Each structure stands twice: as structure tokens, then as C-alpha cells.
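Below is my_file_21.txt, which holds compact mmCIF, C-alpha atoms and all ligand atoms.
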```
# COMPACT_ATOMS: atom_id res chain seq x y z
CA MET A 270 0.00 0.00 0.00
CA LEU A 271 1.43 3.33 -1.12
CA VAL A 272 0.68 6.46 0.95
CA LEU A 273 1.61 10.08 0.24
CA GLY A 274 2.15 12.11 3.46
CA LEU A 275 1.78 15.91 3.66
CA GLU A 276 2.94 17.95 6.66
CA THR A 277 2.20 21.70 6.78
CA SER A 278 1.32 22.40 10.42
CA CYS A 279 3.95 25.05 11.10
CA ASP A 280 7.08 26.27 9.32
CA GLU A 281 8.16 23.17 7.42
CA THR A 282 6.61 21.76 4.25
CA GLY A 283 7.21 18.01 4.39
CA VAL A 284 6.17 15.46 1.77
CA ALA A 285 6.94 11.74 1.73
CA LEU A 286 5.98 8.48 0.11
CA TYR A 287 5.66 5.42 2.35
CA ASP A 288 5.06 1.88 1.16
CA THR A 289 3.80 -0.65 3.71
CA SER A 290 6.04 -3.40 2.36
CA ALA A 291 9.09 -1.46 1.16
CA GLY A 292 9.10 1.27 3.86
CA LEU A 293 9.96 4.91 3.19
CA LEU A 294 10.52 5.40 -0.56
CA ALA A 295 11.24 9.12 -0.70
CA HIS A 296 10.87 12.27 1.33
CA ALA A 297 11.47 15.99 0.83
CA LEU A 298 11.38 18.95 3.16
CA HIS A 299 11.42 22.69 2.77
CA SER A 300 12.23 24.59 5.94
CA GLN A 301 11.02 28.18 6.26
CA VAL A 302 13.50 28.97 9.04
CA ALA A 303 15.50 31.46 6.94
CA MET A 304 12.31 33.27 5.90
CA HIS A 305 11.03 33.70 9.47
CA ALA A 306 14.44 34.40 11.05
CA GLN A 307 14.33 38.15 10.39
CA TYR A 308 11.06 38.37 12.40
CA GLY A 309 12.41 36.36 15.35
CA GLY A 310 9.65 33.74 15.07
CA VAL A 311 7.09 32.16 12.76
CA VAL A 312 4.80 34.62 10.94
CA PRO A 313 1.64 32.56 10.29
CA GLU A 314 0.52 34.35 7.10
CA LEU A 315 3.98 34.04 5.52
CA ALA A 316 4.07 30.37 6.55
CA SER A 317 0.75 29.62 4.79
CA ARG A 318 1.79 31.39 1.60
CA ASP A 319 5.09 29.57 1.48
CA HIS A 320 3.41 26.16 1.99
CA ILE A 321 1.23 26.97 -1.04
CA ARG A 322 4.32 27.71 -3.12
CA ARG A 323 6.24 24.59 -2.04
CA ILE A 324 3.78 21.75 -1.65
CA LEU A 325 3.10 20.73 -5.26
CA PRO A 326 6.75 20.88 -6.43
CA LEU A 327 7.69 18.77 -3.37
CA CYS A 328 4.96 16.22 -4.24
CA GLU A 329 6.30 16.03 -7.80
CA LYS A 330 9.87 15.62 -6.54
CA VAL A 331 8.98 12.83 -4.13
CA LEU A 332 7.00 10.91 -6.78
CA ALA A 333 9.85 11.34 -9.29
CA ASP A 334 12.52 10.28 -6.76
CA ALA A 335 10.54 7.12 -6.01
CA HIS A 336 9.69 6.51 -9.70
CA ARG A 337 6.00 6.41 -8.85
CA LYS A 338 2.92 8.03 -10.37
CA LEU A 339 0.01 9.73 -8.64
CA SER A 340 -2.30 7.02 -9.97
CA GLU A 341 -0.37 4.42 -7.96
CA LEU A 342 -1.28 6.02 -4.60
CA ASP A 343 -3.59 4.04 -2.32
CA ALA A 344 -4.17 6.91 0.11
CA ILE A 345 -3.12 10.43 1.01
CA ALA A 346 -2.39 11.43 4.61
CA TYR A 347 -2.21 15.06 5.68
CA THR A 348 -1.75 16.81 9.02
CA GLU A 349 -5.22 17.82 10.23
CA GLY A 350 -3.96 19.44 13.45
CA PRO A 351 -2.84 20.76 15.80
CA GLY A 352 -0.98 23.68 14.25
CA LEU A 353 -1.41 27.05 12.56
CA ALA A 354 -4.84 27.20 10.91
CA GLY A 355 -3.73 28.75 7.62
CA ALA A 356 -0.77 26.42 7.33
CA LEU A 357 -2.89 23.33 8.07
CA LEU A 358 -5.40 24.40 5.40
CA VAL A 359 -2.75 24.06 2.69
CA GLY A 360 -1.90 20.40 3.37
CA ALA A 361 -5.52 19.51 4.12
CA SER A 362 -6.91 21.06 0.95
CA VAL A 363 -4.21 19.54 -1.25
CA GLY A 364 -4.63 16.14 0.43
CA ALA A 365 -8.42 16.15 0.22
CA SER A 366 -8.36 17.36 -3.41
CA LEU A 367 -5.92 14.65 -4.42
CA GLY A 368 -8.07 12.04 -2.68
CA PHE A 369 -11.17 13.36 -4.43
CA ALA A 370 -9.51 13.42 -7.85
CA LEU A 371 -7.99 9.96 -7.49
CA GLY A 372 -10.99 8.40 -5.72
CA LYS A 373 -8.67 7.37 -2.86
CA PRO A 374 -9.06 7.95 0.89
CA ALA A 375 -7.57 11.14 2.31
CA LEU A 376 -6.80 10.75 6.01
CA GLY A 377 -6.43 13.64 8.44
CA ILE A 378 -3.57 12.77 10.79
CA HIS A 379 -2.88 14.15 14.26
CA HIS A 380 0.55 15.79 14.12
CA LEU A 381 1.58 14.26 17.46
CA GLU A 382 0.54 10.80 16.33
CA GLY A 383 3.03 11.31 13.51
CA HIS A 384 5.77 12.20 16.02
CA LEU A 385 4.73 9.34 18.30
CA LEU A 386 5.01 6.73 15.56
CA SER A 387 8.13 8.23 13.93
CA PRO A 388 10.56 5.93 15.83
CA LEU A 389 9.03 3.12 13.76
CA LEU A 390 11.02 4.64 10.86
CA ALA A 391 14.23 3.59 12.66
CA HIS A 392 16.07 0.27 12.33
CA PRO A 393 15.58 -1.55 14.61
CA ALA A 394 12.10 -0.27 15.40
CA PRO A 395 10.21 -0.76 18.69
CA ASP A 396 7.28 -3.15 19.00
CA PHE A 397 3.98 -2.19 20.60
CA PRO A 398 3.44 -1.56 23.48
CA PHE A 399 5.89 1.18 24.45
CA VAL A 400 6.14 4.44 26.38
CA ALA A 401 6.70 7.58 24.34
CA LEU A 402 8.33 10.80 25.49
CA LEU A 403 6.97 13.45 23.15
CA VAL A 404 8.95 16.66 23.40
CA SER A 405 8.24 19.25 20.73
CA GLY A 406 7.80 23.01 20.47
CA GLY A 407 4.15 22.77 21.47
CA HIS A 408 3.97 19.64 23.62
CA SER A 409 5.72 17.70 26.37
CA GLN A 410 3.93 14.50 27.15
CA LEU A 411 4.52 10.96 28.28
CA MET A 412 2.17 8.54 26.56
CA ALA A 413 1.52 4.83 26.92
CA VAL A 414 1.22 3.50 23.37
CA ALA A 415 -0.55 0.13 23.16
CA GLY A 416 -0.97 0.11 19.38
CA VAL A 417 -1.88 2.32 16.44
CA GLY A 418 -4.51 4.77 17.72
CA GLU A 419 -4.29 3.48 21.29
CA TYR A 420 -2.71 6.25 23.30
CA ARG A 421 -3.03 6.99 27.02
CA LEU A 422 -1.68 10.18 28.53
CA LEU A 423 0.56 9.44 31.51
CA GLY A 424 1.75 12.96 32.28
CA GLU A 425 2.41 16.29 30.62
CA THR A 426 3.78 19.76 31.15
CA LEU A 427 1.55 22.06 33.14
CA ASP A 428 2.89 25.16 31.40
CA ASP A 429 5.64 25.58 28.77
CA ALA A 430 6.51 22.72 26.43
CA ALA A 431 10.15 21.56 26.53
CA GLY A 432 10.92 23.02 23.07
CA GLU A 433 9.13 26.23 23.96
CA ALA A 434 11.28 26.53 27.10
CA PHE A 435 14.42 25.98 24.97
CA ASP A 436 13.27 28.66 22.51
CA LYS A 437 12.26 31.22 25.17
CA THR A 438 15.46 30.68 27.16
CA ALA A 439 17.50 31.12 23.98
CA LYS A 440 15.73 34.43 23.40
CA LEU A 441 16.54 35.53 26.97
CA LEU A 442 20.20 34.87 26.20
CA GLY A 443 19.95 36.94 23.03
CA LEU A 444 20.34 33.97 20.65
CA ALA A 445 18.84 34.09 17.16
CA TYR A 446 15.75 32.19 16.01
CA PRO A 447 15.26 29.22 16.08
CA GLY A 448 16.63 29.18 19.60
CA GLY A 449 16.42 25.53 20.71
CA PRO A 450 19.15 24.05 18.50
CA LEU A 451 21.39 27.14 19.03
CA LEU A 452 20.98 26.98 22.81
CA SER A 453 21.84 23.29 22.87
CA LYS A 454 24.94 23.92 20.73
CA LEU A 455 26.06 26.67 23.08
CA ALA A 456 25.38 24.44 26.10
CA GLU A 457 27.87 21.88 24.77
CA THR A 458 30.69 24.31 25.52
CA GLY A 459 29.34 25.39 28.93
CA ASP A 460 30.53 24.40 32.39
CA PRO A 461 27.81 22.29 34.10
CA ARG A 462 29.14 23.19 37.61
CA ARG A 463 29.04 26.98 37.47
CA PHE A 464 25.27 27.49 37.89
CA THR A 465 22.62 25.20 39.31
CA LEU A 466 19.03 25.79 38.23
CA PRO A 467 15.88 24.28 39.80
CA ARG A 468 14.52 20.91 38.60
CA PRO A 469 10.78 21.73 38.64
CA MET A 470 8.43 18.97 39.83
CA LEU A 471 11.24 16.43 39.97
CA HIS A 472 9.74 14.94 43.12
CA SER A 473 6.08 15.70 42.42
CA GLY A 474 5.18 12.01 42.71
CA ASN A 475 3.43 12.02 39.33
CA LEU A 476 4.48 12.22 35.68
CA ASP A 477 3.58 15.86 35.12
CA MET A 478 6.26 18.43 34.34
CA SER A 479 6.67 22.20 34.48
CA PHE A 480 9.29 24.29 32.69
CA SER A 481 8.23 27.91 33.03
CA GLY A 482 10.01 28.27 36.41
CA LEU A 483 13.23 27.11 34.82
CA LYS A 484 12.92 29.82 32.20
CA THR A 485 12.22 32.39 34.95
CA ALA A 486 15.35 31.24 36.81
CA VAL A 487 17.36 32.00 33.67
CA LEU A 488 15.65 35.38 33.38
CA THR A 489 16.77 36.18 36.95
CA LEU A 490 20.38 35.22 36.15
CA VAL A 491 20.29 37.40 33.03
CA GLN A 492 18.73 40.39 34.84
CA GLN A 493 21.26 40.14 37.70
CA ARG A 494 23.96 40.65 35.07
CA GLY A 495 22.35 43.65 33.41
CA GLY A 496 20.74 41.88 30.43
CA ALA A 497 21.88 39.49 27.69
CA HIS A 498 23.99 42.14 25.90
CA ALA A 499 26.10 42.61 29.06
CA ILE A 500 26.92 38.90 29.48
CA ASP A 501 30.15 37.46 28.10
CA GLY A 502 30.12 34.42 25.81
CA ARG A 503 31.52 32.01 28.40
CA THR A 504 28.86 32.95 30.99
CA LYS A 505 26.12 32.58 28.36
CA ALA A 506 27.39 29.10 27.56
CA ASP A 507 27.47 28.22 31.29
CA ILE A 508 23.88 29.43 31.75
CA ALA A 509 22.76 27.51 28.65
CA ARG A 510 24.44 24.41 30.07
CA ALA A 511 22.76 24.82 33.45
CA PHE A 512 19.39 25.15 31.73
CA GLN A 513 19.97 22.06 29.61
CA GLU A 514 21.24 20.04 32.59
CA ALA A 515 18.05 20.82 34.55
CA MET A 516 15.75 20.13 31.60
CA VAL A 517 17.44 16.83 30.76
CA ASP A 518 17.46 15.69 34.42
CA VAL A 519 13.71 16.23 34.66
CA LEU A 520 12.94 14.53 31.32
CA VAL A 521 15.13 11.53 32.20
CA ALA A 522 13.62 11.14 35.68
CA LYS A 523 10.04 11.40 34.42
CA SER A 524 10.71 8.95 31.57
CA LEU A 525 12.18 6.37 33.95
CA ALA A 526 9.20 6.85 36.29
CA ALA A 527 6.83 6.30 33.35
CA LEU A 528 8.57 3.02 32.47
CA ALA A 529 8.35 1.93 36.11
CA GLU A 530 4.68 2.88 36.39
CA THR A 531 3.59 1.07 33.22
CA GLY A 532 5.96 -1.88 33.56
CA GLU A 533 7.13 -1.32 29.97
CA ARG A 534 10.79 -1.61 29.00
CA GLN A 535 10.77 0.21 25.66
CA LEU A 536 10.97 4.00 25.59
CA VAL A 537 10.68 5.98 22.38
CA VAL A 538 11.63 9.64 22.14
CA ALA A 539 9.93 11.82 19.56
CA GLY A 540 9.56 15.49 18.66
CA GLY A 541 12.08 18.24 17.99
CA VAL A 542 13.75 18.19 21.43
CA GLY A 543 14.49 14.50 20.76
CA ALA A 544 17.28 15.87 18.54
CA ASN A 545 19.04 17.16 21.67
CA LYS A 546 22.37 15.38 22.05
CA GLN A 547 22.63 15.54 25.83
CA LEU A 548 19.06 14.27 26.25
CA ARG A 549 19.82 11.35 23.94
CA GLU A 550 23.05 10.46 25.74
CA GLN A 551 21.65 10.67 29.27
CA LEU A 552 18.43 8.85 28.44
CA THR A 553 20.30 6.08 26.66
CA ARG A 554 22.59 5.56 29.65
CA ALA A 555 19.74 5.64 32.17
CA VAL A 556 17.38 3.35 30.25
CA LEU A 557 20.04 0.79 29.29
CA THR A 558 21.31 0.66 32.88
CA ARG A 559 17.82 -0.39 33.95
CA GLY A 560 17.62 -3.12 31.33
CA GLY A 561 15.30 -1.16 29.06
CA GLU A 562 15.53 -0.26 25.39
CA LEU A 563 15.54 3.18 23.82
CA PHE A 564 14.36 4.14 20.32
CA TYR A 565 14.66 7.41 18.44
CA PRO A 566 13.53 8.35 14.98
CA PRO A 567 16.46 9.04 12.65
CA LEU A 568 17.65 12.58 13.48
CA GLU A 569 16.07 14.16 10.38
CA PHE A 570 12.65 12.78 11.43
CA CYS A 571 12.80 14.17 15.00
CA THR A 572 11.64 17.59 13.84
CA ASP A 573 8.61 18.09 11.59
CA ASN A 574 8.60 16.04 8.39
CA GLY A 575 6.29 14.36 5.89
CA ALA A 576 7.62 10.84 6.51
CA MET A 577 5.96 10.55 9.93
CA ILE A 578 2.61 11.65 8.47
CA ALA A 579 2.85 9.16 5.57
CA LEU A 580 3.79 6.44 8.08
CA ALA A 581 0.91 7.28 10.43
CA GLY A 582 -1.50 7.26 7.47
CA ALA A 583 -0.18 3.91 6.25
CA LEU A 584 -0.45 2.35 9.72
CA ARG A 585 -3.98 3.66 10.13
CA MET A 586 -4.93 2.22 6.72
CA GLN A 587 -3.41 -1.13 7.74
CA HIS A 588 -4.60 -1.46 11.31
CA LEU A 589 -7.81 0.53 11.56
CA PRO A 590 -10.89 0.28 9.33
CA VAL A 591 -10.97 3.19 6.91
CA ALA A 592 -14.21 3.98 5.11
CA ARG A 593 -13.64 4.93 1.50
CA PRO A 594 -15.23 8.18 0.35
CA ASP A 595 -18.73 7.18 -0.68
CA SER A 596 -19.94 10.41 -2.18
CA ALA A 597 -18.43 13.36 -3.95
CA ARG A 598 -19.48 15.57 -1.04
CA ALA A 599 -17.86 13.40 1.64
CA ALA A 600 -14.71 13.08 -0.40
CA SER A 601 -14.45 16.76 -1.16
CA SER A 602 -14.93 18.03 2.39
CA PHE A 603 -12.23 18.20 5.02
CA THR A 604 -11.59 19.65 8.45
CA ILE A 605 -8.58 21.13 10.16
CA ARG A 606 -8.13 21.20 13.94
CA PRO A 607 -5.68 23.89 15.03
CA ARG A 608 -6.27 22.73 18.63
CA TRP A 609 -6.63 19.01 19.13
CA ASP A 610 -5.82 16.68 22.07
CA LEU A 611 -4.11 13.48 21.05
CA GLU A 612 -6.27 11.45 23.41
CA GLU A 613 -9.35 12.58 21.49
CA ILE A 614 -8.39 10.56 18.43
CA GLY A 615 -8.86 7.27 20.30
CA ILE A 616 -9.25 4.64 17.64
CA ALA A 617 -11.59 6.78 15.58
CA VAL A 618 -10.67 7.08 11.93
CA ARG A 619 -11.90 9.47 9.34
CA SER A 620 -11.54 9.01 5.64
O1 LIG B 701 8.65 18.74 16.63
P1 LIG B 701 9.10 20.06 16.18
O2 LIG B 701 9.94 20.18 14.94
O3 LIG B 701 7.91 21.03 15.95
C1 LIG B 701 6.77 21.02 16.74
O4 LIG B 701 5.86 20.20 16.44
O5 LIG B 701 6.77 21.79 17.72
O6 LIG B 701 9.88 20.69 17.43
C2 LIG B 701 10.45 21.95 17.36
C3 LIG B 701 11.05 22.26 18.73
C4 LIG B 701 11.52 23.69 18.83
O7 LIG B 701 11.06 24.24 20.04
C5 LIG B 701 13.03 23.57 18.80
O8 LIG B 701 13.68 24.59 19.52
C6 LIG B 701 13.25 22.23 19.46
O9 LIG B 701 12.19 21.43 18.97
N1 LIG B 701 14.55 21.64 19.12
C7 LIG B 701 15.54 21.42 20.02
C8 LIG B 701 16.63 20.87 19.30
N2 LIG B 701 16.27 20.79 17.97
C9 LIG B 701 15.00 21.25 17.90
N3 LIG B 701 15.57 21.62 21.34
C10 LIG B 701 16.70 21.27 21.99
N4 LIG B 701 17.79 20.75 21.38
C11 LIG B 701 17.80 20.54 20.04
N5 LIG B 701 18.88 20.02 19.45
ZN ZN B 702 6.15 18.67 15.45
```
Please, can you express the file's structure as C-alpha cells?
Amino acid sequence: MLVLGLETSCDETGVALYDTSAGLLAHALHSQVAMHAQYGGVVPELASRDHIRRILPLCEKVLADAHRKLSELDAIAYTEGPGLAGALLVGASVGASLGFALGKPALGIHHLEGHLLSPLLAHPAPDFPFVALLVSGGHSQLMAVAGVGEYRLLGETLDDAAGEAFDKTAKLLGLAYPGGPLLSKLAETGDPRRFTLPRPMLHSGNLDMSFSGLKTAVLTLVQQRGGAHAIDGRTKADIARAFQEAMVDVLVAKSLAALAETGERQLVVAGGVGANKQLREQLTRAVLTRGGELFYPPLEFCTDNGAMIALAGALRMQHLPVARPDSARAASSFTIRPRWDLEEIGIAVRS
């Protein structure tokens, strides 16, 4: 079964072709980072317009790279939410239109389900059931994953998402957009002993997290020194390191607690913060020491991409009953959900 995946929820246009027997055949990504950089963050209207410009050429490229034709597709999967409304509309309208034209199902995929399943793109891949640590720009959650569409929330951040905390802290230190990767690079050169920041909710007794206090602690350090512009490079690196140490400690502790609580031994890490080197190293050490197994998506599929959406669509087609469009009206209508809880998708499937 051949599935085309379209991801347009934020500032990356991702397109991929996934085959249920051969695996990922081709994928292409256009990042809008350079376009948004001058504004210090994502400008939604510019994001939507750029998705419109990129999506069809990327579809053509992916089909050409895989030597496949549109007529060979069995389904189209697009990100239905959560994300920026205008950006989501681009992938959803292209996906639904293609489905309508080809008479094939067009599936709206939850963006986080894509992230959650993305470690299945790795070799070796985990088997169900597993625990997933989902750490992206908008979410920080621990989920028990029993199978495709069977997700139970174990704990989540009560305020800022992990990626959001990375980005906001980077801004406090005067780093350019996008802050997360830059902050983590800077942290690599920092001294972990110079500053100690709080580990919020480390001993809360549950699997919830909180990161806004950590960001405020950095703000205090910056203000005490007269602002980011007054801080020398070495001190900035040391603060970045202290922030990353605290963040990683909390994520590792909560992940281990989630494994203990569920009795699972496989942990998968997904979402943009999963690209963080220190998080990967510390989690690997901690999980292996306890006899568990750790799985990550390949680095390029940690952040937003079309491959995870094509994969999620293919798995839904395989494992969950999908009704084929039975009328022109049903096939030509689609929804987007800018706000959407992952737990809401249950095992429900739309076509
Ligand atoms: O999953 P993703 O690409 O988009 C969302 O769905 O949010 O995640 C983006 C987030 C951003 O907040 C970014 O700063 C963060 O992931 N991120 C990182 C790293 N690479 C990306 N955070 C820490 N270390 C990194 N290496
Ligand atoms: Zn994402």
C-alpha cells in the first residue's frame, strides 16, 4: 500500500511516500527557518503562503525520486492538526483534493501521532506496546502506546513545552531564532558546575512536568547581570548548560518513572527536542542501565517532516478500518483542527 504524506502544520513543508512493504521510498522537506528568522519567530501568514508555493513541487519531486505516479497512490495522509490554521489548510486542501480526484481515501492525521510513531522509521524499530516521550515546540507528554490509535496520557507539562522553554530561554540569552538548536549547541561548551538551576516537579510524585520556572530562573540570572547584551560568551554558555542540565534531568527522571509505572521496558523519544544530544546520551545511559531499550527516529525525522505523516497514514490504513469516500461531497470536504488533544483521536478514523 502506497501512501503520500503531507505535513504543513507550522514552518516546514514536508512530503513523503511510504510503502507498507518497502518502507519509506522518498521524502522531501522545505524549511522556512530562513524566511522567518528576520522576524524572530514564525509569521503565520507568511508560513501559509510559502506552503502553497512549495507543496506541489515537493509532491512532484517525491514521486519522481521514487519513480511512482500519482495514480499508484492508495491513500493520502495530511496533518489535520494541531498547528497554525492557515498552514494546516494548505496540506488539508491539497490532500483532500488529491483524494477526491484519485478516488482514494484522504486521512487527516494528528501531528503528534506522527511524532509518536516516527521511531518506527528507525532500524531496529520498537514493537507495541511502548512508552513515548513526546517533546516538541508545542507539547511535552509521556504517553503509553498500546498500538496504532491506542494512546493513554501518563503525564504532561503544566505550562511551557520543553521546546518552547528551549526557545524562550535562547531568546533571553539573546540567541537568534530558532533558539532551541542554538541553545543546545552553546550548552555543549558550557561548564555544568558553574550554575545550578531548579529541577521543577522532579519529586512531584506524578508524571507531570513544568518548565516555566526554569525559564524564569534563567531570566533572573540574566537580569542580575544587566541583560543578555552585558553577558560574556563564556557565561552565556554556562547558563545555557545549566538550563539544559536541569531540563534533561527532569525529562530523564520522568521517563524512567513512566517506564516503572507502566511496567514497559521500551521507551521511544519523539519530537524536535528529541534531537538534543545531551538528552539522547543521558536517556540512553539511564534506560540501558535499567535493562530497558531506547528508540529514536532518525535525526532528520525528529523535527517536523512528511515521513511521519505518511507512516501514520499507512499504519492507520493497515490497522484501523478506513471507510472509502462514498460520495463526492464526503470526499471533497475536510476539516482542520488547530487545537486538538491526542487522546481525542482514540481509535476513531476518518476518511
Ligand atoms: O517537533 P518540532 O519540529 O515542531 C513542533 O511540532 O513543535 O519541534 C520543534 C522544537 C523547537 O522548540 C526547537 O527549539 C526544538 O524542537 N529543538 C531542540 C533541538 N532541535 C529542535 N531543542 C533542543 N535541542 C535541540 N537540538
Ligand atoms: Zn512537530
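Separating CA of His299 in chain A from CA of Gly575 in chain A is a distance of 10.3 Å.
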Which residues are close to Gln513 in chain A, i.e. within 10 Å by all atoms listed in the file, leaving aside same-chain residues fewer than 4 positions away? Reply as a PyMOL selection string. chain A and resi 435+452-453+456-457+459+461+466+483+507-509+517-519+545+547-548
Hey, which residues come within 10 Å of ligand LIG 701 (chain B) if we count all atoms listed in the file? Could you give them as a count of residues only? 58
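Restricting the calculation to all atoms listed in the file, the smallest distance between ligand ZN 702 (chain B) and any of A:Glu382, A:Arg585, A:Leu367, A:Ala361 is found for A:Glu382.
Here the question is which of A:Ala291, A:Thr282, A:Arg559, A:Gln307 gets nearest to ligand ZN 702 (chain B) using all atoms listed in the file, and that residue is A:Thr282.
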Contacts of Phe564 in chain A within 12 Å, all atoms listed in the file, excl. fewer than 3 positions in-chain, as a PyMOL selection string: chain A and resi 385-396+399-402+534-539+543+549+552-553+556-557+561+567-568+571
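Closest approach to ligand ZN 702 (chain B) from the set A:Met577, A:Val417, A:Ile605, A:Leu490 is made by A:Met577, with distances taken over only C-alpha atoms and all ligand atoms.
Closest approach to Ala295 in chain A among A:Gly495, A:Ala576, A:Ile378, A:Lys484: A:Ala576, based on all atoms listed in the file.
Separating CA of Pro326 in chain A from CA of Gln587 in chain A is a distance of 28.1 Å.
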Which residues come within 8 Å of Ala335 in chain A, counting only C-alpha atoms, excluding same-chain residues fewer than 3 positions away, as a PyMOL selection string? chain A and resi 286+294-295+331-332
Protein/DNA/RNA residues near (-0.9, 31.7, 1.2), cut 12 Å, all atoms listed in the file, as a list of chain:residue names: A:Thr277, A:Val312, A:Pro313, A:Glu314, A:Leu315, A:Ala316, A:Ser317, A:Arg318, A:Asp319, A:His320, A:Ile321, A:Arg322, A:Arg323, A:Ile324, A:Ala354, A:Gly355, A:Ala356, A:Leu357, A:Leu358, A:Val359, A:Gly360
Take the residues from that selection and write them out as a CSV table (one decimal), keeping the file's coordinate frame, keeping C-alpha atoms.
```csv
chain,number,residue,atom,x,y,z
A,277,THR,CA,2.2,21.7,6.8
A,312,VAL,CA,4.8,34.6,10.9
A,313,PRO,CA,1.6,32.6,10.3
A,314,GLU,CA,0.5,34.4,7.1
A,315,LEU,CA,4.0,34.0,5.5
A,316,ALA,CA,4.1,30.4,6.6
A,317,SER,CA,0.8,29.6,4.8
A,318,ARG,CA,1.8,31.4,1.6
A,319,ASP,CA,5.1,29.6,1.5
A,320,HIS,CA,3.4,26.2,2.0
A,321,ILE,CA,1.2,27.0,-1.0
A,322,ARG,CA,4.3,27.7,-3.1
A,323,ARG,CA,6.2,24.6,-2.0
A,324,ILE,CA,3.8,21.8,-1.6
A,354,ALA,CA,-4.8,27.2,10.9
A,355,GLY,CA,-3.7,28.8,7.6
A,356,ALA,CA,-0.8,26.4,7.3
A,357,LEU,CA,-2.9,23.3,8.1
A,358,LEU,CA,-5.4,24.4,5.4
A,359,VAL,CA,-2.8,24.1,2.7
A,360,GLY,CA,-1.9,20.4,3.4
```
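The interatomic distance for the pair CA of Ser479 in chain A and CA of Asp428 in chain A works out to 5.7 Å.
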Measuring atom to atom with only C-alpha atoms and all ligand atoms, identify which of A:Ala511, A:Leu342, A:Ile578, A:Asp501 is nearest to ligand ZN 702 (chain B). A:Ile578
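Ranking A:Leu353, A:Ala344, A:Ala297, A:Leu520 by their shortest atom-to-atom distance to ligand ZN 702 (chain B), with all atoms listed in the file included, puts A:Leu353 first.
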Near-Leu273 in chain A list (6 Å; all atoms listed in the file; drop same-chain fewer than 6 positions) as a PyMOL selection string: chain A and resi 285-286+345+579
How big is the axis-aligned box around all listed atoms of range 284-295 of chain A once 5 Å goes on each side, and where's its centre, in Å to one decimal, as AutoDock Vina command-line options?
```
--center_x 7.5 --center_y 6.0 --center_z 1.6 --size_x 17.4 --size_y 28.9 --size_z 14.6
```
Hey, could you patch up range 388-400 of chain A with N, CA and C atoms and hand it over as a compact mmCIF listing (two decimals), in the frame of the given file?
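Produced file result_38.txt, reproduced below:
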```
# COMPACT_ATOMS: atom_id res chain seq x y z
N PRO A 388 9.46 6.87 15.56
CA PRO A 388 10.56 5.93 15.83
C PRO A 388 10.41 4.60 15.08
N LEU A 389 9.21 4.34 14.55
CA LEU A 389 9.03 3.12 13.76
C LEU A 389 9.74 3.25 12.41
N LEU A 390 10.23 4.45 12.09
CA LEU A 390 11.02 4.64 10.86
C LEU A 390 12.47 4.22 11.07
N ALA A 391 12.83 3.94 12.35
CA ALA A 391 14.23 3.59 12.66
C ALA A 391 14.45 2.08 12.49
N HIS A 392 15.69 1.70 12.37
CA HIS A 392 16.07 0.27 12.33
C HIS A 392 17.08 0.02 13.43
N PRO A 393 16.83 -0.82 14.43
CA PRO A 393 15.58 -1.55 14.61
C PRO A 393 14.49 -0.63 15.14
N ALA A 394 13.25 -1.04 14.93
CA ALA A 394 12.10 -0.27 15.40
C ALA A 394 11.52 -0.93 16.64
N PRO A 395 10.85 -0.14 17.50
CA PRO A 395 10.21 -0.76 18.69
C PRO A 395 8.97 -1.55 18.29
N ASP A 396 8.56 -2.45 19.17
CA ASP A 396 7.28 -3.15 19.00
C ASP A 396 6.28 -2.52 19.96
N PHE A 397 5.00 -2.61 19.62
CA PHE A 397 3.98 -2.19 20.60
C PHE A 397 3.94 -3.24 21.70
N PRO A 398 3.67 -2.91 22.97
CA PRO A 398 3.44 -1.56 23.48
C PRO A 398 4.75 -0.89 23.88
N PHE A 399 4.72 0.46 23.95
CA PHE A 399 5.89 1.18 24.45
C PHE A 399 5.45 2.48 25.11
N VAL A 400 6.39 3.11 25.81
CA VAL A 400 6.14 4.44 26.38
C VAL A 400 6.81 5.45 25.47
```
